[in-house]
Structures are given as C-alpha cells and as structure tokens.
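Have a look at run.cif; it's mmCIF, C-alpha atoms:
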```cif
data_upload
#
loop_
_atom_site.label_atom_id
_atom_site.label_comp_id
_atom_site.auth_asym_id
_atom_site.auth_seq_id
_atom_site.Cartn_x
_atom_site.Cartn_y
_atom_site.Cartn_z
CA MET A 1 25.02 12.40 9.34
CA THR A 2 23.83 8.97 10.53
CA ARG A 3 24.31 5.80 8.52
CA TYR A 4 20.54 5.80 7.88
CA THR A 5 20.40 9.35 6.52
CA MET A 6 23.53 8.69 4.49
CA GLY A 7 21.71 5.72 2.99
CA LEU A 8 18.71 7.88 2.07
CA ALA A 9 20.97 10.52 0.54
CA LEU A 10 22.85 7.91 -1.45
CA ALA A 11 19.61 6.39 -2.70
CA ALA A 12 18.29 9.81 -3.70
CA SER A 13 21.50 10.62 -5.54
CA LEU A 14 21.40 7.28 -7.31
CA MET A 15 17.81 7.69 -8.42
CA ALA A 16 18.41 11.23 -9.66
CA SER A 17 21.22 10.17 -11.98
CA THR A 18 20.63 10.46 -15.70
CA ALA A 19 20.44 7.15 -17.51
CA LEU A 20 22.81 6.58 -20.41
CA ALA A 21 21.58 5.61 -23.86
CA GLY A 22 20.12 2.13 -23.61
CA ASP A 23 19.97 2.26 -19.78
CA VAL A 24 16.69 1.95 -17.93
CA ARG A 25 16.71 2.45 -14.16
CA MET A 26 13.83 0.98 -12.18
CA MET A 27 13.21 2.12 -8.59
CA TRP A 28 11.76 -0.84 -6.70
CA TYR A 29 10.68 -1.37 -3.09
CA SER A 30 9.40 -4.58 -1.53
CA ASP A 31 6.84 -5.50 1.12
CA GLY A 32 7.73 -9.18 1.10
CA VAL A 33 9.46 -11.54 -1.33
CA GLU A 34 8.76 -9.62 -4.55
CA GLY A 35 12.27 -8.17 -4.74
CA GLU A 36 13.77 -11.63 -5.17
CA VAL A 37 11.17 -12.47 -7.81
CA MET A 38 11.95 -9.26 -9.67
CA LYS A 39 15.66 -10.06 -9.77
CA ASP A 40 14.85 -13.30 -11.57
CA LEU A 41 12.54 -11.54 -14.01
CA VAL A 42 15.04 -8.74 -14.68
CA ALA A 43 17.68 -11.34 -15.54
CA ARG A 44 15.22 -12.97 -17.95
CA PHE A 45 14.44 -9.60 -19.55
CA LYS A 46 18.14 -8.92 -20.09
CA ALA A 47 18.60 -12.31 -21.74
CA GLU A 48 15.75 -11.54 -24.14
CA ASN A 49 16.76 -7.90 -24.71
CA PRO A 50 20.58 -7.65 -24.70
CA GLY A 51 20.49 -4.12 -26.13
CA ILE A 52 18.75 -2.66 -23.06
CA ASN A 53 20.62 -2.36 -19.75
CA LEU A 54 17.86 -2.65 -17.15
CA ILE A 55 19.11 -1.63 -13.71
CA LEU A 56 17.02 -2.64 -10.70
CA ASP A 57 17.57 -0.15 -7.85
CA GLU A 58 16.08 -1.67 -4.70
CA VAL A 59 15.28 0.95 -2.05
CA ALA A 60 13.34 1.19 1.19
CA TYR A 61 9.69 2.20 0.93
CA LYS A 62 10.61 5.35 2.84
CA VAL A 63 12.78 6.45 -0.10
CA VAL A 64 9.87 6.07 -2.52
CA GLN A 65 7.54 7.97 -0.21
CA GLU A 66 9.88 10.79 0.83
CA GLN A 67 12.54 11.18 -1.87
CA LEU A 68 10.88 10.36 -5.18
CA GLN A 69 8.49 13.32 -5.27
CA ILE A 70 11.37 15.74 -4.64
CA GLN A 71 13.29 14.25 -7.55
CA LEU A 72 10.29 14.32 -9.87
CA GLU A 73 9.52 17.95 -9.11
CA ALA A 74 13.10 18.74 -10.13
CA GLY A 75 12.54 16.95 -13.45
CA GLU A 76 14.72 14.03 -12.40
CA GLY A 77 14.32 10.54 -11.01
CA PRO A 78 14.37 6.96 -12.28
CA ASP A 79 12.99 5.88 -15.66
CA ILE A 80 10.45 3.53 -14.05
CA ALA A 81 9.24 3.41 -10.45
CA ARG A 82 7.08 1.19 -8.31
CA VAL A 83 4.85 3.52 -6.31
CA THR A 84 1.70 3.62 -4.20
CA ASN A 85 1.21 7.41 -4.28
CA ILE A 86 0.01 6.96 -7.82
CA LYS A 87 -2.65 9.59 -8.42
CA THR A 88 -0.95 12.50 -6.68
CA LEU A 89 2.20 12.09 -8.76
CA ALA A 90 0.33 11.41 -12.02
CA PRO A 91 1.54 14.63 -13.74
CA HIS A 92 5.04 13.13 -13.72
CA TRP A 93 4.17 9.88 -15.51
CA LEU A 94 5.00 9.25 -19.16
CA ASP A 95 2.23 8.50 -21.66
CA LEU A 96 3.49 5.22 -23.09
CA THR A 97 0.83 5.02 -25.80
CA PRO A 98 3.01 6.18 -28.75
CA TYR A 99 5.73 3.69 -27.83
CA LEU A 100 3.64 0.56 -27.22
CA ALA A 101 3.29 -2.17 -29.82
CA ASP A 102 -0.31 -2.89 -28.79
CA PRO A 103 -2.06 -0.18 -26.74
CA ALA A 104 -5.35 -2.09 -27.01
CA TYR A 105 -3.84 -4.93 -24.96
CA TRP A 106 -3.15 -2.47 -22.14
CA ARG A 107 -6.62 -0.92 -22.27
CA THR A 108 -8.27 -4.35 -22.22
CA ASN A 109 -6.22 -5.86 -19.42
CA PHE A 110 -5.34 -2.84 -17.25
CA GLY A 111 -8.02 -0.32 -18.17
CA ALA A 112 -10.13 -0.86 -15.04
CA HIS A 113 -7.49 0.85 -12.92
CA ALA A 114 -5.96 3.21 -15.48
CA ASP A 115 -7.61 6.26 -13.90
CA TRP A 116 -5.73 5.52 -10.69
CA MET A 117 -2.46 6.47 -12.40
CA ARG A 118 -3.20 9.30 -14.79
CA VAL A 119 -4.31 12.91 -14.64
CA ASP A 120 -8.08 13.43 -14.48
CA GLY A 121 -9.59 13.56 -17.96
CA SER A 122 -6.61 11.91 -19.62
CA ASP A 123 -6.64 8.64 -21.57
CA ALA A 124 -2.88 8.14 -21.19
CA ILE A 125 -1.39 4.70 -20.57
CA THR A 126 1.22 5.36 -17.90
CA GLY A 127 1.80 1.95 -16.35
CA PHE A 128 0.00 -0.91 -14.67
CA MET A 129 -0.78 -2.18 -11.18
CA THR A 130 1.75 -4.79 -10.09
CA GLN A 131 -0.95 -6.12 -7.79
CA LEU A 132 -4.28 -5.25 -6.29
CA THR A 133 -4.52 -4.97 -2.55
CA LEU A 134 -7.21 -4.67 0.05
CA THR A 135 -6.86 -3.56 3.63
CA GLY A 136 -7.96 -6.05 6.25
CA GLY A 137 -7.12 -7.81 9.47
CA PHE A 138 -5.04 -10.77 10.56
CA ALA A 139 -5.53 -12.77 13.74
CA ASN A 140 -3.08 -15.03 15.56
CA ALA A 141 -5.36 -18.07 15.72
CA THR A 142 -2.97 -19.92 18.01
CA LEU A 143 -3.03 -17.17 20.65
CA PHE A 144 -6.82 -16.96 20.47
CA GLU A 145 -7.07 -20.73 20.92
CA GLN A 146 -4.62 -20.78 23.82
CA ALA A 147 -6.60 -18.02 25.53
CA GLY A 148 -9.88 -19.84 24.98
CA VAL A 149 -11.31 -16.83 23.13
CA ALA A 150 -13.39 -17.42 20.02
CA LEU A 151 -12.49 -15.52 16.87
CA PRO A 152 -15.28 -12.99 16.19
CA GLY A 153 -17.38 -14.02 13.21
CA LYS A 154 -18.71 -12.27 10.13
CA GLY A 155 -20.41 -9.00 11.00
CA ALA A 156 -18.29 -8.43 14.12
CA THR A 157 -17.62 -4.77 14.85
CA TRP A 158 -14.35 -3.02 15.54
CA ASP A 159 -15.24 -3.01 19.23
CA ASP A 160 -15.94 -6.75 19.09
CA TRP A 161 -12.53 -7.48 17.60
CA VAL A 162 -10.56 -5.16 19.87
CA ASN A 163 -12.30 -6.43 23.00
CA ALA A 164 -11.78 -10.07 22.02
CA ALA A 165 -8.11 -9.39 21.22
CA ASP A 166 -7.77 -7.61 24.55
CA GLN A 167 -8.97 -10.74 26.34
CA VAL A 168 -6.30 -12.70 24.49
CA ALA A 169 -3.63 -10.11 25.30
CA LYS A 170 -4.41 -10.23 29.01
CA SER A 171 -4.45 -14.02 29.02
CA GLN A 172 -1.25 -14.48 27.02
CA GLY A 173 0.72 -11.45 28.22
CA THR A 174 1.20 -9.79 24.85
CA ALA A 175 2.29 -6.16 24.47
CA ALA A 176 -1.17 -5.00 23.36
CA ALA A 177 -4.41 -6.29 21.90
CA PHE A 178 -3.87 -5.03 18.39
CA ALA A 179 -2.15 -2.57 16.09
CA ILE A 180 -3.02 -0.80 12.89
CA ASP A 181 -0.34 0.51 10.56
CA ARG A 182 0.57 4.19 10.99
CA SER A 183 -1.06 5.18 7.74
CA GLY A 184 -3.94 7.41 6.72
CA HIS A 185 -4.68 4.92 3.97
CA ARG A 186 -5.03 2.13 6.52
CA ILE A 187 -7.60 3.93 8.67
CA SER A 188 -9.71 5.11 5.73
CA GLY A 189 -11.67 1.89 5.21
CA PRO A 190 -12.64 1.91 8.90
CA ASN A 191 -13.51 5.62 8.67
CA VAL A 192 -15.82 4.95 5.73
CA SER A 193 -17.30 2.01 7.65
CA TYR A 194 -18.46 4.59 10.21
CA GLY A 195 -19.96 6.79 7.50
CA ALA A 196 -17.03 9.04 6.56
CA ASN A 197 -16.90 10.79 3.19
CA TYR A 198 -13.74 12.61 2.13
CA ILE A 199 -14.91 13.91 -1.24
CA GLY A 200 -17.00 17.07 -1.48
CA ALA A 201 -19.65 17.76 -4.12
CA ASP A 202 -17.09 19.83 -6.07
CA GLY A 203 -14.53 17.03 -6.01
CA LYS A 204 -12.40 18.87 -3.47
CA PRO A 205 -11.73 17.56 0.05
CA ALA A 206 -14.74 17.69 2.36
CA PRO A 207 -14.31 18.77 5.99
CA VAL A 208 -13.66 16.09 8.57
CA ASP A 209 -17.04 14.54 9.35
CA ASP A 210 -18.57 12.40 12.06
CA GLY A 211 -17.32 9.17 10.48
CA VAL A 212 -13.69 10.28 10.72
CA LYS A 213 -14.26 11.68 14.19
CA THR A 214 -15.84 8.45 15.43
CA PHE A 215 -13.06 6.10 14.37
CA ALA A 216 -10.29 8.54 15.26
CA GLY A 217 -11.81 8.81 18.72
CA LYS A 218 -11.79 5.03 19.04
CA LEU A 219 -8.11 4.86 18.03
CA VAL A 220 -7.15 7.47 20.60
CA ASN A 221 -9.16 5.75 23.34
CA TRP A 222 -7.69 2.33 22.51
CA VAL A 223 -4.19 3.77 22.87
CA ALA A 224 -5.11 5.42 26.19
CA GLU A 225 -6.55 2.11 27.43
CA GLY A 226 -3.43 0.19 26.40
CA LYS A 227 -5.36 -1.93 23.91
CA MET A 228 -3.68 -0.50 20.81
CA LEU A 229 0.09 -0.65 20.43
CA LYS A 230 1.08 2.97 21.03
CA ASP A 231 4.60 2.99 19.61
CA THR A 232 3.43 2.19 16.09
CA TRP A 233 1.91 5.67 15.89
CA VAL A 234 3.77 7.89 18.35
CA ALA A 235 7.33 6.75 17.66
CA ALA A 236 7.23 8.48 14.27
CA SER A 237 6.30 12.01 13.22
CA GLY A 238 4.59 13.81 10.36
CA SER A 239 3.03 11.51 7.81
CA THR A 240 5.81 8.91 8.09
CA TYR A 241 4.54 5.40 7.40
CA ARG A 242 5.17 2.71 9.98
CA ALA A 243 3.91 -0.86 9.80
CA ALA A 244 3.28 -3.15 12.77
CA ALA A 245 3.92 -6.37 10.85
CA ASP A 246 6.95 -7.34 12.93
CA ASP A 247 4.93 -7.03 16.13
CA PHE A 248 2.38 -9.49 14.76
CA ILE A 249 5.09 -11.78 13.40
CA ASN A 250 6.73 -11.85 16.83
CA ALA A 251 3.38 -12.69 18.48
CA GLN A 252 3.29 -9.42 20.42
CA ILE A 253 -0.23 -8.61 19.26
CA PRO A 254 -3.05 -11.11 18.59
CA PHE A 255 -4.82 -8.88 16.04
CA TYR A 256 -3.26 -6.76 13.30
CA TYR A 257 -4.94 -4.52 10.73
CA SER A 258 -2.93 -4.03 7.55
CA GLY A 259 -3.65 -5.58 4.17
CA SER A 260 -3.33 -8.39 1.65
CA TRP A 261 0.20 -7.38 0.60
CA GLN A 262 1.41 -8.69 3.97
CA ILE A 263 0.49 -12.31 3.19
CA ALA A 264 3.84 -13.29 1.67
CA ASN A 265 5.70 -11.44 4.39
CA LEU A 266 3.77 -13.19 7.17
CA SER A 267 4.15 -16.58 5.54
CA THR A 268 7.90 -16.18 5.05
CA LYS A 269 8.67 -14.87 8.54
CA ILE A 270 6.15 -16.77 10.67
CA GLY A 271 6.62 -20.13 8.99
CA ASP A 272 5.20 -22.75 11.33
CA GLY A 273 5.55 -20.50 14.39
CA PHE A 274 1.80 -20.16 14.80
CA ASP A 275 -1.43 -20.37 12.83
CA TRP A 276 -2.87 -17.13 11.49
CA VAL A 277 -5.97 -16.17 9.54
CA ALA A 278 -7.18 -13.22 7.48
CA THR A 279 -10.30 -11.72 9.01
CA GLY A 280 -11.63 -9.19 6.52
CA SER A 281 -12.46 -5.73 7.86
CA PRO A 282 -14.39 -5.30 11.11
CA CYS A 283 -17.70 -3.47 10.81
CA GLY A 284 -18.75 0.05 11.67
CA THR A 285 -22.21 1.55 11.60
CA ALA A 286 -22.24 1.91 7.80
CA GLY A 287 -20.56 -1.32 6.72
CA CYS A 288 -17.44 -3.49 6.91
CA SER A 289 -15.26 -1.86 4.29
CA GLY A 290 -11.63 -2.20 3.52
CA LEU A 291 -9.84 0.06 1.05
CA ALA A 292 -8.62 -1.24 -2.29
CA GLY A 293 -5.33 -0.13 -3.71
CA GLY A 294 -2.01 -1.52 -4.72
CA ALA A 295 1.34 -0.63 -6.16
CA ALA A 296 1.84 0.51 -9.73
CA LEU A 297 4.81 0.24 -12.03
CA VAL A 298 4.84 3.56 -13.87
CA ALA A 299 7.03 5.19 -16.48
CA VAL A 300 8.55 8.58 -15.63
CA LYS A 301 8.24 11.27 -18.30
CA TYR A 302 11.71 12.69 -17.67
CA THR A 303 13.37 9.57 -19.07
CA LYS A 304 15.86 10.03 -21.91
CA ASN A 305 15.00 6.58 -23.27
CA PRO A 306 11.22 6.30 -23.68
CA ALA A 307 11.35 3.60 -26.35
CA GLU A 308 13.50 1.37 -24.14
CA VAL A 309 11.25 2.10 -21.15
CA ALA A 310 8.25 0.94 -23.18
CA LYS A 311 10.04 -2.32 -24.01
CA VAL A 312 10.66 -2.94 -20.33
CA MET A 313 7.08 -2.14 -19.41
CA GLU A 314 5.72 -4.41 -22.15
CA PHE A 315 7.77 -7.32 -20.81
CA PHE A 316 6.54 -6.99 -17.23
CA ALA A 317 2.94 -6.44 -18.39
CA ARG A 318 2.89 -9.67 -20.40
CA GLU A 319 0.17 -12.08 -19.30
CA ASP A 320 2.59 -14.92 -18.56
CA ILE A 321 4.90 -12.63 -16.56
CA VAL A 322 2.03 -11.13 -14.55
CA LYS A 323 0.74 -14.63 -13.79
CA GLU A 324 4.16 -15.85 -12.64
CA PHE A 325 4.80 -12.72 -10.58
CA SER A 326 1.42 -13.09 -8.85
CA GLU A 327 1.89 -16.78 -8.12
CA ARG A 328 5.38 -16.31 -6.66
CA THR A 329 4.66 -13.13 -4.67
CA LEU A 330 1.20 -14.22 -3.44
CA PHE A 331 -0.31 -10.98 -4.75
CA LEU A 332 -3.77 -10.59 -6.25
CA PRO A 333 -3.31 -9.91 -9.99
CA ALA A 334 -4.56 -6.69 -11.58
CA HIS A 335 -4.46 -8.14 -15.12
CA ALA A 336 -8.01 -8.76 -16.38
CA ALA A 337 -7.21 -11.92 -18.34
CA VAL A 338 -5.14 -13.46 -15.55
CA ALA A 339 -7.89 -12.75 -13.03
CA ALA A 340 -10.64 -14.05 -15.32
CA LYS A 341 -8.85 -17.30 -16.14
CA GLY A 342 -8.02 -17.98 -12.51
CA GLY A 343 -6.21 -21.20 -11.74
CA LEU A 344 -3.21 -19.48 -10.20
CA ASN A 345 -0.74 -21.91 -8.71
CA TRP A 346 0.26 -20.10 -5.55
CA GLN A 347 3.90 -20.90 -4.83
CA THR A 348 3.66 -21.80 -1.16
CA GLN A 349 3.45 -24.80 1.13
CA ASP A 350 1.93 -22.66 3.91
CA LYS A 351 -1.56 -23.88 4.75
CA ASN A 352 -2.49 -20.39 6.01
CA VAL A 353 -1.91 -18.63 2.70
CA GLY A 354 -4.62 -19.99 0.40
CA ALA A 355 -7.36 -19.35 2.94
CA ALA A 356 -6.02 -15.85 3.58
CA LEU A 357 -6.04 -14.97 -0.12
CA ASP A 358 -9.58 -16.35 -0.44
CA ALA A 359 -10.67 -14.26 2.55
CA PHE A 360 -9.41 -11.06 0.93
CA VAL A 361 -11.12 -11.92 -2.35
CA ALA A 362 -14.38 -12.43 -0.44
CA ALA A 363 -13.90 -9.18 1.51
CA SER A 364 -13.62 -7.21 -1.74
CA ALA A 365 -17.41 -7.53 -2.02
CA ASP A 366 -17.76 -5.42 1.14
CA ILE A 367 -16.01 -2.30 -0.20
CA LEU A 368 -18.31 0.70 0.27
CA PRO A 369 -18.67 3.38 -2.47
CA GLY A 370 -16.92 5.99 -0.33
CA ALA A 371 -13.85 3.75 -0.17
CA ALA A 372 -14.02 2.64 -3.80
CA ALA A 373 -13.77 6.26 -4.96
CA LEU A 374 -10.51 7.04 -3.13
CA PRO A 375 -7.80 5.33 -5.26
CA ALA A 376 -8.58 7.55 -8.27
CA TRP A 377 -9.10 10.75 -6.21
CA LYS A 378 -6.22 13.21 -6.51
CA TRP A 379 -6.51 14.56 -2.94
CA ALA A 380 -6.51 11.19 -1.18
CA SER A 381 -2.85 11.33 -0.17
CA ALA A 382 -3.29 14.83 1.24
CA TYR A 383 -6.15 13.58 3.38
CA TYR A 384 -4.24 10.48 4.50
CA GLY A 385 -1.13 12.43 5.50
CA ALA A 386 -2.99 15.07 7.48
CA MET A 387 -4.99 12.49 9.42
CA VAL A 388 -2.07 10.32 10.45
CA ASN A 389 0.02 13.31 11.52
CA ARG A 390 -2.63 14.96 13.68
CA ILE A 391 -4.17 11.82 15.18
CA SER A 392 -0.76 10.61 16.30
CA GLN A 393 -0.21 13.98 18.00
CA VAL A 394 -3.38 13.39 20.01
CA MET A 395 -2.13 9.94 21.00
CA ALA A 396 1.14 11.54 22.14
CA GLY A 397 -0.73 14.10 24.27
CA GLU A 398 0.29 17.06 22.11
CA LEU A 399 -3.22 17.96 20.89
CA LYS A 400 -6.85 17.51 21.88
CA LEU A 401 -9.08 15.67 19.42
CA ASP A 402 -11.09 18.76 18.47
CA GLU A 403 -7.86 20.65 17.82
CA ALA A 404 -6.62 17.79 15.65
CA PHE A 405 -9.77 17.79 13.52
CA ALA A 406 -9.45 21.53 12.89
CA LYS A 407 -5.80 21.13 11.97
CA ILE A 408 -6.56 18.25 9.61
CA ASP A 409 -8.94 20.52 7.70
CA SER A 410 -6.43 23.36 7.59
CA ASP A 411 -3.55 21.07 6.59
CA ILE A 412 -5.55 19.71 3.68
CA ALA A 413 -6.70 23.20 2.64
CA GLU A 414 -3.08 24.35 2.56
CA GLN A 415 -2.14 21.51 0.23
CA VAL A 416 -5.06 22.25 -2.08
CA ALA A 417 -4.08 25.94 -2.16
CA ALA A 418 -0.43 25.12 -2.79
CA ALA A 419 -1.36 22.90 -5.72
CA LYS A 420 -2.94 25.88 -7.47
#
```
Just dump the structure as structure tokens.
Amino acid sequence: MTRYTMGLALAASLMASTALAGDVRMMWYSDGVEGEVMKDLVARFKAENPGINLILDEVAYKVVQEQLQIQLEAGEGPDIARVTNIKTLAPHWLDLTPYLADPAYWRTNFGAHADWMRVDGSDAITGFMTQLTLTGGFANATLFEQAGVALPGKGATWDDWVNAADQVAKSQGTAAAFAIDRSGHRISGPNVSYGANYIGADGKPAPVDDGVKTFAGKLVNWVAEGKMLKDTWVAASGSTYRAAADDFINAQIPFYYSGSWQIANLSTKIGDGFDWVATGSPCGTAGCSGLAGGAALVAVKYTKNPAEVAKVMEFFAREDIVKEFSERTLFLPAHAAVAAKGGLNWQTQDKNVGAALDAFVAASADILPGAAALPAWKWASAYYGAMVNRISQVMAGELKLDEAFAKIDSDIAEQVAAAK
C-alpha cells in the first residue's frame, strides 16, 4: 500500500468513526485558504459552546468525492460534511428543521438554493451553501501582453480564446495554450453554450445531443493539435477530478477554464508573479454560459448527536459569520441578506481580485436555462462522470468519439437503472 492510499484509508476510517456524546465531526476540504479561516471559526465556536466538542477533519477533495458516498451508504460517516455532490447524496442528509431555533431564518436566507441539497419534493432544511460559484476563465494578462496578443473581448467564442491563447503559447514557449479542469461539471456550461440539454421531458437523462458532441469534439481536437494541455485529462482515469490550477499558477498555460472558487488560490500562490484577469465564459452558438454551483455544508442523518449538529450549523449560518467567511475566503456569499446588503470588505491587497470577483458577478447574468437547471437535478453527477471518463478515453486514443458518445449514454442508463 502506498503512502497516498494509506492516507485515503486512514481518512476513510477516521470519518467512519462514531462520534461520542457531545462530539461533532466535520469533514472539510479546501480549494484555497478557507481551511485556515475555518480553523479560526471553529476555535470561536468552541469558546462560545464549551459543551460541544467540534472536531474539524481536513481531508483532500478526493476523499470527499470517492470515500464519503461509500461511508454514507453504509450508514456511517461524519456528522457534518462540506460537499459538492449535493443533490445525488441528498437522501443521506439530516432534516435539521426540528432542531433549529429559527427555521424561518434559514428559509429566508438560504431558501433559493435549498432544492440543490434535498430530495425532490421535500421541504427539508439540510444545510446551506458555503459559497456560490460560477465556472469561467482566467487569462495570464502578462503573457498576453508580452506576446503582443490582445485579450479577446466580450462575445468572443471558444475558438477565439483558444486561438488567441495558442498565439501566446507559441510566442512565450508555454506548455500549451489552455487547460480546462478534468471535470464533467466544468465542461457543462460550454456544452450548454453549444445548445446541449441533459434533461429529458420526463426528468430523466436525455441522450447525448449535438451540443455535447460539438464541444467534446473541440476538446478532443484541441488536445490532438497540442493546444489543450493533455495531461490534465489523460493522466487520470474514470471520473477522477483533476484541476489545472497549478499549471496556470506556474505560467505554463496562458488561459485556464475553471471557476470563481479559484480566485483565493490564484491570489495566494501567484502573488505579484504576473497579472491575471477573469474572463467570463467564452461563447458557443447558443450563448456564453457558465455553470453555477458551489459547496454546501450539510448535516448527515446518521449522526448520534443531531441537537449538537444543529447548534454547529446555526453558528456557521449566522449572518455575521457568513459575511466574515466570504470576505476572508474571497467567495461569493449564498446568504440572501449578506448578498443584498453588499459592502463586503474583501480581505486582500491583490489588485487582481476585486476585478475578478466583479467579472464573475457580471457573468452570472449569462447563465442559460439549460445550465441553471443542473444544480438541482439529481442525475447531473451521473452525466458529469460519464462524460469525463469517456471523453478522456478518446483523448488517450482508446475510443473513437462516436463510441464514446454511445458509452456515455449506456453508462448513464446503468446508473439510472441501478438507482431503482
């Protein structure tokens, strides 16, 4: 067993342990600086609530994606978890309503996204979004300037951006023109921008359509042409997530498509190394859509201490705590009152950050209906996983595109059948 797999096994064992009376275990992963912020907030919670032993278990995102579901299906797991696979795992979340001091506060401030984290048809309060996110691009403005290539403007297509980035790559000797995270979620906004629709009339997954085929074909061609960083997709297997943030941070690609959650990470690691900008989402034939989403802090129904879990959740859902968390992590708040009042004092001296956050807020107006429907759709994760697995196999030369599309449909159908 390698040190890495030993680490995963240890994390899984830790998360599966049963909390003692008064203990609340929170599984937490981080994209950027939010882990450090959470440690401060956990210490403050403990000072205010000495009778509750809140334990923050920090794990890699891979543990949350690959280990948590196994634990939950065995009726185990942490008491609280920070997750992105929110809708698919909704049957495992605890309805906090009977334990909350003021359920109306939750419905008022978090109700807009409540359906993202509960079973269809339910009115349960299961948690709240720690932040809202939107997929979108980042450009290394310094590399573009050094290459004498203008940044494509509003309305620029995916081809416009990739071709411009390719000019920069050739001029500056970077590894590739661009990269997009190895994630079915990440390519879904672009798919919808080319007319894709995942949801059938009966609410079940629709067959792969021309929109998916168009953008998938572009991805495969860009890899074959050396424009897209190949290793991001082919150096992993199955539906394993892999980000290309480090490649952008190390100036190995002039254009990177990921999302707003990367802002704090880029700011922290790039520093004054180069200037970067958020670009919004490039356009397809149907629009210029990103995909909204985020991470949720949810209560797990297998907890032995639901009353204590509710106390923890109430603390982190407080307006002042949400505001502070958002300001320090550079995340867009999902709390209605915090968002409405505005005036967030972003905790950064980085001149790139404020403009990047503003760019993502502006890009939220471009979300197409087909993308807006996905966060609350129970089969979204099945669709995402099948796409990333099969498209990467095409990039690796293991499948033809037409074969991949057929397998995507069959993979999704198998998951729908298994769920019955």
| task | Output the residue selection produced by the PyMOL selection byres ((chain A and resi 185) around 9) on the file above, formatted as JSON, numbers by chain. | result | {"A": [135, 182, 183, 184, 186, 187, 188, 189, 291, 380, 381, 383, 384, 385, 388]}
| task | Taking the file as shown, find all residues satisfying the PyMOL selection byres ((chain A and resi 25) around 12) and write them as an MDAnalysis selection string. | result | chainID A and resid 14:24 26:28 42 52:58 76:82 298:300 302:306 308:309 312:313
| said: Please determine, counting all atoms listed in the file, which residue among A:Asp160, A:Asp120, A:Glu66, A:Asp402 has the shortest atom-to-atom distance to Pro91 (chain A). | reply: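 Ranking A:Asp160, A:Asp120, A:Glu66, A:Asp402 by distance to Pro91 (chain A), first place goes to A:Asp120.
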| Residue nearest Val220 (chain A) among A:Gln172, A:Ser392, A:Ser30, A:Ser237 (counting all atoms listed in the file) |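 Closest to Val220 (chain A), using all atoms listed in the file: A:Ser392.
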| request: May I ask for the distance between CA of Phe178 (chain A) and CA of Ile253 (chain A), given in Å to one decimal place? | output: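 One can read the CA of Phe178 (chain A) to CA of Ile253 (chain A) distance as 5.2 Å.
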Please report as CSV every residue of region 99-153 of chain A lying within 7 Å of region 268-288 of chain A, along with the nearest atom pair and their distance in Å (one decimal), using all atoms listed in the file.
```
residue,atom,partner,partner_atom,distance
A:Gly136,CA,A:Ser281,CA,4.8
A:Gly137,CA,A:Thr279,CA,5.1
A:Phe138,CA,A:Ala278,CA,4.5
A:Ala139,CA,A:Val277,CA,5.4
A:Asn140,CA,A:Trp276,CA,4.6
A:Ala141,CA,A:Trp276,CA,5.0
A:Thr142,CA,A:Asp275,CA,5.4
```
| query | Hey, what's within 7 Å of Ile408 (chain A) if we count only C-alpha atoms and toss same-chain stuff fewer than 6 positions away? As a PyMOL selection string, please? | reply | chain A and resi 386-387+390
| field | Nearest-residue call for Thr126 (chain A), choices A:Tyr99, A:Phe110, A:Trp93, A:Tyr194, using only C-alpha atoms | value |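 Checking each of A:Tyr99, A:Phe110, A:Trp93, A:Tyr194 against Thr126 (chain A), counting only C-alpha atoms, the winner is A:Trp93.
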| field | Ref. answer, residues at most 7 Å from (-7.2, -1.1, -4.0) with all atoms listed in the file, as a ChimeraX atom specification | value | /A:132-134,291-294,375
Residues within 9 Å of Phe325 (chain A), only C-alpha atoms, excluding chain neighbours under 3 positions, as a short mmCIF file (atom, residue, chain, number, x, y, z; two decimals) with C-alpha atoms, keeping the file's coordinate frame:
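File produced: selection.cif:
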```cif
data_model
loop_
_atom_site.label_atom_id
_atom_site.label_comp_id
_atom_site.auth_asym_id
_atom_site.auth_seq_id
_atom_site.Cartn_x
_atom_site.Cartn_y
_atom_site.Cartn_z
CA GLU A 34 8.76 -9.62 -4.55
CA VAL A 37 11.17 -12.47 -7.81
CA MET A 38 11.95 -9.26 -9.67
CA LEU A 41 12.54 -11.54 -14.01
CA THR A 130 1.75 -4.79 -10.09
CA PHE A 316 6.54 -6.99 -17.23
CA ASP A 320 2.59 -14.92 -18.56
CA ILE A 321 4.90 -12.63 -16.56
CA VAL A 322 2.03 -11.13 -14.55
CA ARG A 328 5.38 -16.31 -6.66
CA THR A 329 4.66 -13.13 -4.67
CA LEU A 330 1.20 -14.22 -3.44
CA PHE A 331 -0.31 -10.98 -4.75
CA PRO A 333 -3.31 -9.91 -9.99
#
```
| said: the PyMOL selection byres ((chain A and resi 118) around 12) - which residues does that actually catch in the file I just gave you? List them as a VMD selection string. | reply: chain A and resid 85 to 96 111 113 to 117 119 to 128 296 298 to 300 375 to 378
| request: For CA of Leu143 (chain A) and CA of Ala236 (chain A), quote the distance in Å rounded to one decimal. | output: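 Taking CA of Leu143 (chain A) as the start and CA of Ala236 (chain A) as the end point, the length is 28.4 Å.
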